[in-house]
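Visitor: This one is entry_28.cif, mmCIF, C-alpha atoms and all ligand atoms.
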data_upload
#
loop_
_atom_site.label_atom_id
_atom_site.label_comp_id
_atom_site.auth_asym_id
_atom_site.auth_seq_id
_atom_site.Cartn_x
_atom_site.Cartn_y
_atom_site.Cartn_z
CA MET Q 1 125.99 97.06 181.03
CA ARG Q 2 125.71 93.44 179.80
CA ILE Q 3 125.55 90.99 182.72
CA GLY Q 4 126.08 87.25 182.42
CA LEU Q 5 124.28 85.09 184.98
CA ALA Q 6 125.49 81.54 185.63
CA GLY Q 7 122.93 79.28 187.34
CA VAL Q 8 119.18 79.88 187.19
CA GLY Q 9 117.85 77.70 190.03
CA ARG Q 10 116.00 79.20 193.04
CA ILE Q 11 118.21 82.24 193.64
CA GLY Q 12 119.57 82.56 190.09
CA ALA Q 13 116.13 82.97 188.47
CA PHE Q 14 115.27 85.51 191.19
CA HIS Q 15 118.53 87.46 190.59
CA ALA Q 16 117.81 87.41 186.83
CA SER Q 17 114.57 89.34 187.30
CA THR Q 18 116.18 91.74 189.80
CA LEU Q 19 119.08 92.44 187.43
CA ALA Q 20 116.75 92.95 184.45
CA GLY Q 21 114.94 95.68 186.42
CA LEU Q 22 118.06 97.73 187.28
CA ASP Q 23 118.72 101.02 185.45
CA ALA Q 24 122.42 100.19 185.03
CA VAL Q 25 121.68 96.88 183.27
CA ASP Q 26 120.99 96.83 179.50
CA ASP Q 27 121.07 93.09 178.93
CA VAL Q 28 121.06 89.88 181.02
CA ILE Q 29 122.32 86.66 179.42
CA VAL Q 30 121.70 83.47 181.39
CA ALA Q 31 123.32 80.03 181.29
CA ASP Q 32 122.96 76.86 183.35
CA LEU Q 33 124.32 73.33 183.31
CA ASP Q 34 120.72 72.49 182.51
CA SER Q 35 120.49 74.41 179.20
CA ALA Q 36 116.75 73.71 178.86
CA LEU Q 37 116.21 75.43 182.21
CA ALA Q 38 118.30 78.42 181.04
CA GLU Q 39 116.18 78.64 177.88
CA ARG Q 40 112.97 78.44 179.89
CA VAL Q 41 113.99 81.16 182.39
CA ALA Q 42 115.20 83.38 179.53
CA THR Q 43 111.91 82.96 177.65
CA GLU Q 44 109.80 83.56 180.78
CA GLN Q 45 111.70 86.73 181.68
CA GLY Q 46 112.37 88.08 178.16
CA LEU Q 47 116.17 87.60 178.45
CA SER Q 48 118.71 85.83 176.23
CA ALA Q 49 120.32 82.47 177.00
CA ALA Q 50 123.80 81.15 176.19
CA SER Q 51 124.13 77.46 175.35
CA ASP Q 52 126.78 76.91 178.05
CA ILE Q 53 129.05 78.73 180.50
CA ASP Q 54 132.05 78.98 178.15
CA THR Q 55 129.85 80.61 175.51
CA LEU Q 56 128.51 82.99 178.18
CA LEU Q 57 132.02 84.01 179.30
CA ALA Q 58 133.15 84.55 175.68
CA SER Q 59 130.10 86.65 174.78
CA GLY Q 60 131.59 90.03 175.71
CA ILE Q 61 129.80 90.46 179.03
CA ASP Q 62 130.84 93.37 181.27
CA ALA Q 63 130.24 91.47 184.49
CA LEU Q 64 129.29 88.01 185.78
CA VAL Q 65 126.89 86.87 188.50
CA ILE Q 66 127.51 83.33 189.81
CA ALA Q 67 124.40 81.71 191.29
CA THR Q 68 125.15 78.08 190.52
CA ALA Q 69 125.22 75.23 193.02
CA THR Q 70 128.00 75.87 195.57
CA THR Q 71 130.41 73.29 194.12
CA ALA Q 72 130.59 75.24 190.83
CA HIS Q 73 131.43 78.63 192.43
CA ALA Q 74 135.20 78.16 192.71
CA PRO Q 75 135.92 76.97 189.14
CA LEU Q 76 133.70 79.70 187.70
CA LEU Q 77 135.30 82.40 189.84
CA ARG Q 78 138.74 81.23 188.70
CA GLN Q 79 137.60 81.41 185.05
CA ALA Q 80 136.17 84.91 185.58
CA LEU Q 81 139.32 86.19 187.29
CA ALA Q 82 141.48 84.75 184.49
CA ALA Q 83 139.30 86.58 181.95
CA GLY Q 84 139.29 89.82 184.00
CA ILE Q 85 135.49 89.87 184.33
CA PRO Q 86 134.16 91.68 187.47
CA THR Q 87 132.19 89.06 189.38
CA PHE Q 88 129.42 88.80 191.94
CA CYS Q 89 129.49 85.33 193.53
CA GLU Q 90 126.78 83.96 195.77
CA LYS Q 91 127.91 82.75 199.17
CA PRO Q 92 129.83 80.61 199.91
CA VAL Q 93 132.89 81.33 197.73
CA ALA Q 94 133.74 77.64 197.56
CA ALA Q 95 132.71 74.34 199.03
CA SER Q 96 135.92 73.85 201.06
CA LEU Q 97 138.06 76.00 203.35
CA ASP Q 98 141.26 75.26 201.39
CA GLU Q 99 139.64 76.45 198.16
CA THR Q 100 138.21 79.56 199.89
CA ILE Q 101 141.69 80.45 201.18
CA ALA Q 102 143.22 79.88 197.73
CA LEU Q 103 140.56 82.09 196.11
CA THR Q 104 141.04 84.83 198.73
CA GLU Q 105 144.74 84.99 197.86
CA LEU Q 106 144.03 84.80 194.11
CA ALA Q 107 141.40 87.58 194.26
CA GLU Q 108 143.71 89.80 196.31
CA SER Q 109 146.50 89.41 193.75
CA SER Q 110 144.11 90.43 190.94
CA ASP Q 111 142.79 93.83 189.85
CA THR Q 112 139.42 92.30 188.94
CA PRO Q 113 136.78 93.14 191.58
CA VAL Q 114 134.83 90.38 193.31
CA HIS Q 115 131.70 90.95 195.42
CA ILE Q 116 130.33 88.09 197.55
CA GLY Q 117 126.58 87.81 198.10
CA PHE Q 118 125.84 88.47 201.76
CA GLN Q 119 122.70 90.55 201.17
CA ARG Q 120 122.05 91.33 204.84
CA ARG Q 121 124.80 93.98 204.54
CA PHE Q 122 122.25 95.91 202.41
CA ASP Q 123 119.26 95.45 204.71
CA LEU Q 124 118.30 98.73 206.41
CA GLY Q 125 117.63 97.09 209.80
CA TYR Q 126 121.10 95.53 209.98
CA LEU Q 127 122.65 98.78 208.72
CA ARG Q 128 120.90 100.73 211.50
CA ALA Q 129 122.12 98.21 214.09
CA ARG Q 130 125.67 98.60 212.78
CA ASP Q 131 125.39 102.39 213.02
CA ALA Q 132 123.96 102.20 216.56
CA VAL Q 133 126.83 99.97 217.72
CA ALA Q 134 129.44 102.18 216.04
CA ALA Q 135 127.92 105.35 217.58
CA GLY Q 136 127.92 103.77 221.06
CA ASP Q 137 124.13 104.18 221.39
CA LEU Q 138 123.77 100.72 222.98
CA GLY Q 139 126.64 101.17 225.45
CA THR Q 140 128.85 98.12 225.97
CA ILE Q 141 127.55 95.15 223.97
CA HIS Q 142 127.23 92.06 226.18
CA ALA Q 143 125.11 89.65 224.16
CA VAL Q 144 123.88 89.18 220.59
CA ARG Q 145 121.25 86.75 219.34
CA ALA Q 146 121.27 85.94 215.62
CA LEU Q 147 119.06 83.51 213.78
CA THR Q 148 118.28 82.08 210.36
CA HIS Q 149 115.14 79.97 210.45
CA ASP Q 150 113.90 78.86 207.00
CA GLN Q 151 110.20 78.17 206.72
CA GLU Q 152 110.82 74.87 204.94
CA PRO Q 153 113.80 72.88 203.63
CA PRO Q 154 115.18 73.40 200.10
CA HIS Q 155 114.83 70.53 197.62
CA ALA Q 156 116.57 67.34 198.75
CA ALA Q 157 119.24 67.47 196.02
CA TYR Q 158 120.42 70.84 197.37
CA ILE Q 159 121.61 69.47 200.74
CA PRO Q 160 124.57 67.21 199.74
CA THR Q 161 126.30 70.11 197.92
CA SER Q 162 125.26 72.85 200.38
CA GLY Q 163 128.20 72.41 202.78
CA GLY Q 164 125.92 71.77 205.77
CA ILE Q 165 123.76 74.04 207.90
CA PHE Q 166 126.57 76.17 209.39
CA ARG Q 167 128.29 76.85 206.03
CA ASP Q 168 124.98 77.31 204.20
CA CYS Q 169 122.60 79.08 206.65
CA SER Q 170 124.40 80.29 209.78
CA VAL Q 171 127.19 81.67 207.59
CA HIS Q 172 124.86 84.65 206.95
CA ASP Q 173 124.68 85.25 210.72
CA PHE Q 174 128.44 84.82 211.08
CA ASP Q 175 129.03 87.48 208.41
CA ILE Q 176 126.48 89.94 209.77
CA VAL Q 177 127.71 89.56 213.36
CA ARG Q 178 131.16 90.75 212.18
CA PHE Q 179 129.54 93.50 210.12
CA VAL Q 180 127.29 94.83 212.92
CA THR Q 181 129.66 94.46 215.90
CA GLY Q 182 132.94 95.22 214.13
CA ARG Q 183 134.50 92.32 216.07
CA GLU Q 184 136.11 89.04 215.04
CA VAL Q 185 135.12 85.61 216.41
CA ASP Q 186 137.56 84.18 218.95
CA SER Q 187 136.04 80.75 219.71
CA VAL Q 188 132.91 78.68 219.06
CA TYR Q 189 130.91 75.87 220.57
CA ALA Q 190 128.29 74.30 218.30
CA THR Q 191 125.87 71.42 218.13
CA GLY Q 192 123.08 70.20 215.84
CA GLU Q 193 120.22 67.72 215.63
CA ASN Q 194 117.93 66.03 213.09
CA LYS Q 195 114.19 65.65 213.67
CA GLY Q 196 113.09 66.22 210.06
CA ALA Q 197 113.60 64.56 206.66
CA ALA Q 198 116.05 61.66 206.43
CA PHE Q 199 118.07 63.31 203.61
CA PHE Q 200 119.81 65.65 206.10
CA ALA Q 201 121.35 62.79 208.07
CA ALA Q 202 122.09 60.90 204.84
CA ALA Q 203 124.25 63.86 203.75
CA GLY Q 204 125.97 64.04 207.17
CA ASP Q 205 124.09 67.27 207.86
CA VAL Q 206 121.64 68.42 210.54
CA ASP Q 207 118.32 70.21 210.06
CA THR Q 208 118.84 72.45 213.10
CA GLY Q 209 122.05 73.91 214.49
CA ALA Q 210 123.05 76.09 217.44
CA ALA Q 211 126.33 77.88 218.04
CA ILE Q 212 127.76 80.00 220.82
CA LEU Q 213 130.41 82.42 219.55
CA THR Q 214 132.72 84.36 221.83
CA LEU Q 215 133.91 87.54 220.10
CA ASP Q 216 137.38 88.99 220.58
CA ASP Q 217 136.05 91.61 223.05
CA GLY Q 218 134.20 89.02 225.16
CA THR Q 219 130.73 89.58 223.63
CA LEU Q 220 128.70 86.35 223.61
CA VAL Q 221 126.64 85.50 220.52
CA THR Q 222 124.06 82.74 220.19
CA ALA Q 223 123.29 81.77 216.59
CA THR Q 224 120.59 79.27 215.68
CA SER Q 225 119.51 77.96 212.29
CA THR Q 226 116.81 75.53 211.26
CA ARG Q 227 115.26 74.28 208.03
CA TYR Q 228 111.86 73.99 209.76
CA SER Q 229 110.17 77.19 210.91
CA GLY Q 230 106.51 76.49 210.15
CA GLY Q 231 105.46 79.89 211.51
CA GLY Q 232 107.29 81.66 208.67
CA HIS Q 233 110.75 82.62 207.44
CA ASP Q 234 112.43 84.11 210.53
CA VAL Q 235 115.69 86.04 210.25
CA ARG Q 236 116.51 88.41 213.10
CA MET Q 237 119.21 89.85 215.30
CA GLU Q 238 119.02 91.24 218.82
CA VAL Q 239 121.90 93.33 220.15
CA MET Q 240 121.88 93.75 223.94
CA GLY Q 241 123.99 96.51 225.46
CA SER Q 242 124.53 98.22 228.81
CA ALA Q 243 122.57 101.30 227.62
CA ALA Q 244 119.91 99.89 225.24
CA ASN Q 245 118.82 96.87 223.21
CA LEU Q 246 118.07 96.85 219.49
CA ALA Q 247 116.26 94.25 217.36
CA VAL Q 248 116.54 93.71 213.60
CA GLY Q 249 113.48 92.08 212.00
CA LEU Q 250 111.04 93.01 214.79
CA ASP Q 251 108.19 94.17 212.58
CA ASP Q 252 104.67 93.12 211.62
CA SER Q 253 106.05 90.25 209.51
CA LEU Q 254 107.70 88.67 212.55
CA ALA Q 255 107.22 84.89 212.43
CA LEU Q 256 106.27 84.69 216.13
CA ARG Q 257 102.96 84.87 217.96
CA SER Q 258 102.70 86.05 221.55
CA ALA Q 259 101.55 83.69 224.28
CA GLU Q 260 100.41 86.71 226.30
CA GLU Q 261 96.74 87.63 226.70
CA GLY Q 262 95.53 90.51 224.50
CA VAL Q 263 98.78 91.03 222.56
CA ALA Q 264 97.95 91.63 218.88
CA PHE Q 265 101.51 92.30 217.64
CA PRO Q 266 102.67 91.28 215.07
CA ALA Q 267 99.84 92.02 212.65
CA GLY Q 268 101.31 89.59 210.05
CA PRO Q 269 101.43 87.82 207.70
CA PRO Q 270 105.00 86.51 208.25
CA HIS Q 271 107.51 86.28 205.40
CA ALA Q 272 107.31 82.99 203.53
CA SER Q 273 110.84 82.93 202.06
CA PHE Q 274 114.25 84.60 202.07
CA MET Q 275 113.38 86.24 198.72
CA GLN Q 276 110.42 88.00 200.32
CA ARG Q 277 112.28 88.90 203.54
CA PHE Q 278 115.23 90.46 201.69
CA LEU Q 279 113.63 91.71 198.46
CA ALA Q 280 114.93 95.27 198.90
CA ALA Q 281 118.33 94.10 200.16
CA TYR Q 282 118.89 91.84 197.12
CA ARG Q 283 118.06 94.76 194.83
CA ALA Q 284 120.41 97.09 196.73
CA GLU Q 285 123.12 94.42 196.67
CA LEU Q 286 122.97 93.94 192.89
CA THR Q 287 122.75 97.71 192.36
CA ALA Q 288 125.96 97.99 194.38
CA PHE Q 289 127.52 95.23 192.28
CA CYS Q 290 126.87 97.28 189.12
CA ASP Q 291 128.81 100.11 190.80
CA VAL Q 292 131.59 97.67 191.70
CA ALA Q 293 131.73 96.37 188.11
CA ALA Q 294 131.82 99.92 186.73
CA GLY Q 295 134.72 100.77 189.08
CA ARG Q 296 132.69 103.36 191.03
CA ILE Q 297 133.00 101.64 194.45
CA ALA Q 298 135.18 99.00 196.09
CA SER Q 299 133.64 95.61 196.83
CA PRO Q 300 131.27 95.95 199.83
CA CYS Q 301 131.83 92.29 200.70
CA THR Q 302 135.22 90.89 199.76
CA VAL Q 303 136.37 87.31 199.35
CA ARG Q 304 138.29 87.77 202.62
CA ASP Q 305 135.09 88.83 204.39
CA ALA Q 306 133.44 85.67 203.11
CA LEU Q 307 136.47 83.65 204.22
CA GLN Q 308 136.10 84.89 207.81
CA ALA Q 309 132.42 83.86 207.93
CA PHE Q 310 133.32 80.51 206.35
CA ARG Q 311 136.11 79.92 208.91
CA THR Q 312 133.54 80.42 211.70
CA ALA Q 313 131.25 77.87 210.01
CA GLU Q 314 134.21 75.50 209.68
CA ALA Q 315 134.92 75.89 213.41
CA CYS Q 316 131.25 75.12 214.15
CA GLU Q 317 131.36 71.91 212.09
CA LEU Q 318 134.55 70.85 213.94
CA SER Q 319 132.95 71.67 217.29
CA ARG Q 320 129.79 69.74 216.38
CA ALA Q 321 131.79 66.71 215.27
CA GLN Q 322 134.17 66.67 218.26
CA ARG Q 323 131.76 68.07 220.85
CA ARG Q 324 134.24 70.65 222.16
CA LEU Q 325 135.08 74.36 222.21
CA VAL Q 326 137.07 75.31 219.08
CA SER Q 327 139.44 78.28 219.02
CA MET Q 328 139.53 80.24 215.76
CA ARG Q 329 143.34 79.91 215.94
CA GLU Q 330 142.84 76.23 215.03
CA ILE Q 331 141.21 77.17 211.73
CA PRO Q 332 143.57 77.93 208.80
CA ASN Q 333 143.47 81.47 207.41
CA ALA Q 334 144.72 83.19 204.24
CA SER Q 335 148.05 84.97 204.34
CA ALA Q 336 147.90 88.72 204.93
CA ALA Q 337 146.52 90.77 202.03
CA PRO Q 338 149.18 92.43 199.86
CA ALA Q 339 149.75 96.09 200.84
CA GLY Q 340 147.31 98.37 199.03
CA SER Q 341 145.01 95.51 198.02
CA SER Q 342 141.42 96.75 197.72
CA SER Q 343 140.30 93.26 198.67
CA SER Q 344 141.50 93.52 202.25
CA SER Q 345 138.59 93.58 204.67
CA SER Q 346 138.00 95.43 207.88
CA PRO Q 347 135.17 94.63 210.28
CA THR Q 348 135.12 98.23 211.55
CA PRO Q 349 131.59 99.70 211.24
CA ALA Q 350 131.60 102.53 208.72
CA THR Q 351 128.48 102.33 206.54
CA LYS Q 352 125.51 104.58 207.32
CA ALA Q 353 121.90 103.33 207.12
CA THR Q 354 121.13 105.14 203.90
CA ALA Q 355 121.41 102.31 201.33
N1 LIG Q 401 122.36 84.86 199.45
C1 LIG Q 401 121.31 84.11 199.70
O1 LIG Q 401 120.41 84.49 200.43
C2 LIG Q 401 121.20 82.76 199.04
C3 LIG Q 401 119.97 82.10 199.06
C4 LIG Q 401 119.87 80.87 198.42
C5 LIG Q 401 120.97 80.31 197.81
N2 LIG Q 401 122.17 80.96 197.85
C6 LIG Q 401 123.35 80.35 197.20
O2 LIG Q 401 123.10 80.35 195.81
C7 LIG Q 401 123.60 79.15 195.23
C8 LIG Q 401 122.46 78.49 194.45
O3 LIG Q 401 121.44 78.15 195.35
P1 LIG Q 401 119.99 77.73 194.79
O4 LIG Q 401 119.12 77.60 195.98
O5 LIG Q 401 119.58 78.62 193.70
O6 LIG Q 401 120.31 76.26 194.22
P2 LIG Q 401 119.51 75.46 193.09
O7 LIG Q 401 119.91 74.03 193.29
O8 LIG Q 401 118.07 75.81 193.11
O9 LIG Q 401 120.11 76.00 191.70
C9 LIG Q 401 121.44 75.80 191.33
C10 LIG Q 401 121.52 75.88 189.81
O10 LIG Q 401 122.91 75.83 189.44
C11 LIG Q 401 123.00 75.02 188.26
N3 LIG Q 401 124.38 74.55 188.13
C12 LIG Q 401 125.00 73.64 188.90
N4 LIG Q 401 126.28 73.48 188.47
C13 LIG Q 401 126.45 74.33 187.43
C14 LIG Q 401 127.54 74.64 186.58
N5 LIG Q 401 128.72 74.04 186.72
N6 LIG Q 401 127.36 75.56 185.62
C15 LIG Q 401 126.16 76.19 185.47
N7 LIG Q 401 125.09 75.94 186.25
C16 LIG Q 401 125.24 75.02 187.21
C17 LIG Q 401 121.96 73.93 188.46
O11 LIG Q 401 121.62 73.30 187.24
C18 LIG Q 401 120.81 74.72 189.09
O12 LIG Q 401 119.93 75.23 188.11
C19 LIG Q 401 124.15 78.30 196.37
O13 LIG Q 401 125.54 78.42 196.38
C20 LIG Q 401 123.56 78.92 197.63
O14 LIG Q 401 124.44 78.84 198.73
C21 LIG Q 401 122.29 82.17 198.42
#
I'd like the structure from this file rewritten - as structure tokens, please.
Ligand SMILES: NC(=O)c1ccc[n+]([C@@H]2O[C@H](COP(=O)([O-])OP(=O)(O)OC[C@H]3O[C@@H](n4cnc5c(N)ncnc54)[C@H](O)[C@@H]3O)[C@@H](O)[C@H]2O)c1
Guide:
Amino acid sequence: MRIGLAGVGRIGAFHASTLAGLDAVDDVIVADLDSALAERVATEQGLSAASDIDTLLASGIDALVIATATTAHAPLLRQALAAGIPTFCEKPVAASLDETIALTELAESSDTPVHIGFQRRFDLGYLRARDAVAAGDLGTIHAVRALTHDQEPPHAAYIPTSGGIFRDCSVHDFDIVRFVTGREVDSVYATGENKGAAFFAAAGDVDTGAAILTLDDGTLVTATSTRYSGGGHDVRMEVMGSAANLAVGLDDSLALRSAEEGVAFPAGPPHASFMQRFLAAYRAELTAFCDVAAGRIASPCTVRDALQAFRTAEACELSRAQRRLVSMREIPNASAAPAGSSSSSSPTPATKATA
């Protein structure tokens, strides 16, 4: 399979090396707005480079991976759908809610498969939590804690096009909460603060955010995200039920140290980045995308799934701005998926922890 990769910044260069190592992939061709960067990454990794995106799309690729800056996702996804090229697109689908809704409807009217990059769906810990909830092992779920704490901020130029902390970071938690619990979000209350670099406030963003989500069965979720977690990259989930509690990410790489006397756990060292934390999940995700592109499986994360996570982030931004509870009924949604569309999503737990 020949895979085209658009965008070779932080995550794109990382995806290039993952893709090149997959059995299903014969060739990876990279392109970037910065063609010198594309050439450099191609040379470093022994891949080929296209001079620009149009050349890449016309080069007879079997599938496309979009890892450009967020603002370029939507136009590239439209181009790929028009050309009938199966596409993996990094989250978020688009920079705005209107564009995400439009792309949901476009993707669902097309036969071309689209897989959105929420890699936690391929992490064994989250998959086991999903299975435990679906099997009833935890009893009735009362509370969930989800967090995305980056060790350090991305480069300053990333922030103005990122969509803000809820659309960029917490959106992973919003997706995985749906995936693990099988429930939809009913309402949110969110806030955020800046105590770090000035470029967050300059972009109208915050460096730390907190949200309380009420799910449609009354489960309460707290979701926090920060760009400053000096103790290490910290991504976890705790699911608290009437019968048992389960934690995802509670291992020797946990970015926490105990204040209790004589407690040696965790042995460390903590993860330093999201690439390290989710190395296996990113590989499993792109392996699954090759199966999607070859028509062997349906998309494991549809544009509509991504839309639901994005709508939650949108509600959080509204709540933060207006300092009030926001009902998800206030947030526009796509029209119902056409009957028989393989792009329609269901939050019902079904996947087993065998990925
Ligand atoms: N799933 C995850 O865990 C995860 C992690 C990090 C980033 N992301 C997503 O991946 C995307 C890229 O993030 P990043 O951290 O690599 O950003 P980055 O700024 O490091 O890299 C973005 C790259 O896209 C290129 N680019 C911008 N516009 C382009 C265009 N029109 N055509 C071709 N190339 C273009 C830039 O030149 C740059 O090289 C973002 O949308 C982000 O939300 C996902």
Visitor: Any chance you could tabulate, as a tab-separated table, the residues of stretch 66-126 of chain Q at most 12 Å from stretch 32-49 of chain Q with each one's nearest atom pair and distance in Å to one decimal, using only C-alpha atoms, in chain and rising number order?
Guide:
residue	atom	partner	partner_atom	distance
Q:Ile66	CA	Q:Asp32	CA	10.2
Q:Ala67	CA	Q:Asp32	CA	9.4
Q:Thr68	CA	Q:Asp32	CA	7.6
Q:Ala69	CA	Q:Leu33	CA	9.9
Q:Ala72	CA	Q:Leu33	CA	10.0
Q:Leu76	CA	Q:Asp32	CA	11.9
Visitor: Show me, as a PyMOL selection string, the residues that have an atom within 7 Å of stretch 275-282 of chain Q when counting all atoms listed in the file, minus same-chain residues fewer than 2 positions from it.
Guide: chain Q and resi 119-120+122-123+271-273+284-286
Visitor: Stretch 172-177 of chain Q: which residues within 10 Å, counting only C-alpha atoms, same-chain residues fewer than 2 positions away excluded, as an MDAnalysis selection string?
Guide: chainID Q and resid 91:92 117:121 126:127 130 144:148 166:170 179:185 213 215 221:225 235:237 239 301 305:313 347
Visitor: Excluding stretch 131-139 of chain Q and any residue of its chain fewer than 3 positions from it, enumerate the residues within 6 Å of it, using only C-alpha atoms, and give them as a list of chain:residue names.
Guide: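 Within the cut-off, the hits are Q:Arg128, Q:Gly241, Q:Ser242, Q:Ala243, Q:Ala244, Q:Pro349.
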Visitor: Hey, which of Q:His149, Q:Ala80, Q:Gly4, Q:His155 ends up closest to ligand LIG 401 (chain Q)? Count all atoms listed in the file.
Guide: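 Using all atoms listed in the file, ligand LIG 401 (chain Q) sits closest to Q:His155.
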Visitor: Pick out the closest residue to ligand LIG 401 (chain Q) from this set: Q:Phe199, Q:Phe274, Q:Pro266, Q:Gln79. Count all atoms listed in the file.
Guide: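 Closest candidate: Q:Phe274.
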Visitor: Quick one: of Q:Ser162, Q:Thr55, Q:Thr104, Q:Gln322, who's nearest to ligand LIG 401 (chain Q), counting all atoms listed in the file?
Guide: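 Looking at the shortest contact to ligand LIG 401 (chain Q), the residue is Q:Ser162.
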Visitor: Quick check, in Å to one decimal: how far apart do atom CA of Q:Met1 and atom CA of Q:Ala63 lie?
Guide: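 Computed distance, atom CA of Q:Met1 to atom CA of Q:Ala63, equals 7.8 Å.
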Visitor: Measuring between only C-alpha atoms and all ligand atoms, which one of Q:Glu260, Q:Glu330, Q:Asp150, Q:Asp186 shows the shortest distance to ligand LIG 401 (chain Q)?
Guide: Q:Asp150
Visitor: Check the smallest atom-to-atom distance from each of Q:Ala203, Q:Ile297, Q:Val171, Q:Ala129 to Q:Glu238 using all atoms listed in the file, then report the winner.
Guide: Q:Ala129
Visitor: Which is closer to Q:Pro300 than all the others in Q:Ile165, Q:Val114, Q:Val93, Q:Leu56, using only C-alpha atoms?
Guide: Q:Val114
Visitor: Measure the distance from atom CA of Q:Asp234 to atom CA of Q:Gly249 in Å and round it to one decimal.
Guide: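 Computed distance, atom CA of Q:Asp234 to atom CA of Q:Gly249, equals 8.2 Å.
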Visitor: Can you measure atom CA of Q:Ser341 to atom CA of Q:Ser109 for me? One decimal in Å is fine.
Guide: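 About the pair atom CA of Q:Ser341 and atom CA of Q:Ser109: they are 7.6 Å apart.
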Visitor: Around (141.9, 79.5, 194.7), as given in the file, which residues come within 10 Å? Count only C-alpha atoms and list them as a list in words.
Guide: Ala74, Pro75, Leu77, Arg78, Val93, Ala94, Asp98, Glu99, Thr100, Ile101, Ala102, Leu103, Thr104, Glu105, Leu106 and Ala107 of chain Q
Visitor: Which residues are close to Q:Val188, i.e. within 9 Å by all atoms listed in the file, leaving aside same-chain residues fewer than 6 positions away? Reply as an MDAnalysis selection string.
Guide: chainID Q and resid 211:215 312 315:316 319 324:328
Visitor: Take the selection from the previous step and output its residues with C-alpha atoms, as a CSV table (one decimal), in the coordinates of the input.
Guide:
chain,number,residue,atom,x,y,z
Q,211,ALA,CA,126.3,77.9,218.0
Q,212,ILE,CA,127.8,80.0,220.8
Q,213,LEU,CA,130.4,82.4,219.6
Q,214,THR,CA,132.7,84.4,221.8
Q,215,LEU,CA,133.9,87.5,220.1
Q,312,THR,CA,133.5,80.4,211.7
Q,315,ALA,CA,134.9,75.9,213.4
Q,316,CYS,CA,131.2,75.1,214.2
Q,319,SER,CA,133.0,71.7,217.3
Q,324,ARG,CA,134.2,70.6,222.2
Q,325,LEU,CA,135.1,74.4,222.2
Q,326,VAL,CA,137.1,75.3,219.1
Q,327,SER,CA,139.4,78.3,219.0
Q,328,MET,CA,139.5,80.2,215.8
Visitor: Excluding Q:Ser253 and residues on its chain fewer than 6 positions from it, collect all residues at most 6 Å away from it, counting only C-alpha atoms, and give them as a PDB file with C-alpha atoms, in the coordinates of the input.
Guide:
ATOM      1  CA  GLY Q 268     101.310  89.590 210.050  1.00  0.00           C
ATOM      2  CA  PRO Q 269     101.430  87.820 207.700  1.00  0.00           C
ATOM      3  CA  PRO Q 270     105.000  86.510 208.250  1.00  0.00           C
ATOM      4  CA  HIS Q 271     107.510  86.280 205.400  1.00  0.00           C
TER       5      HIS Q 271
END
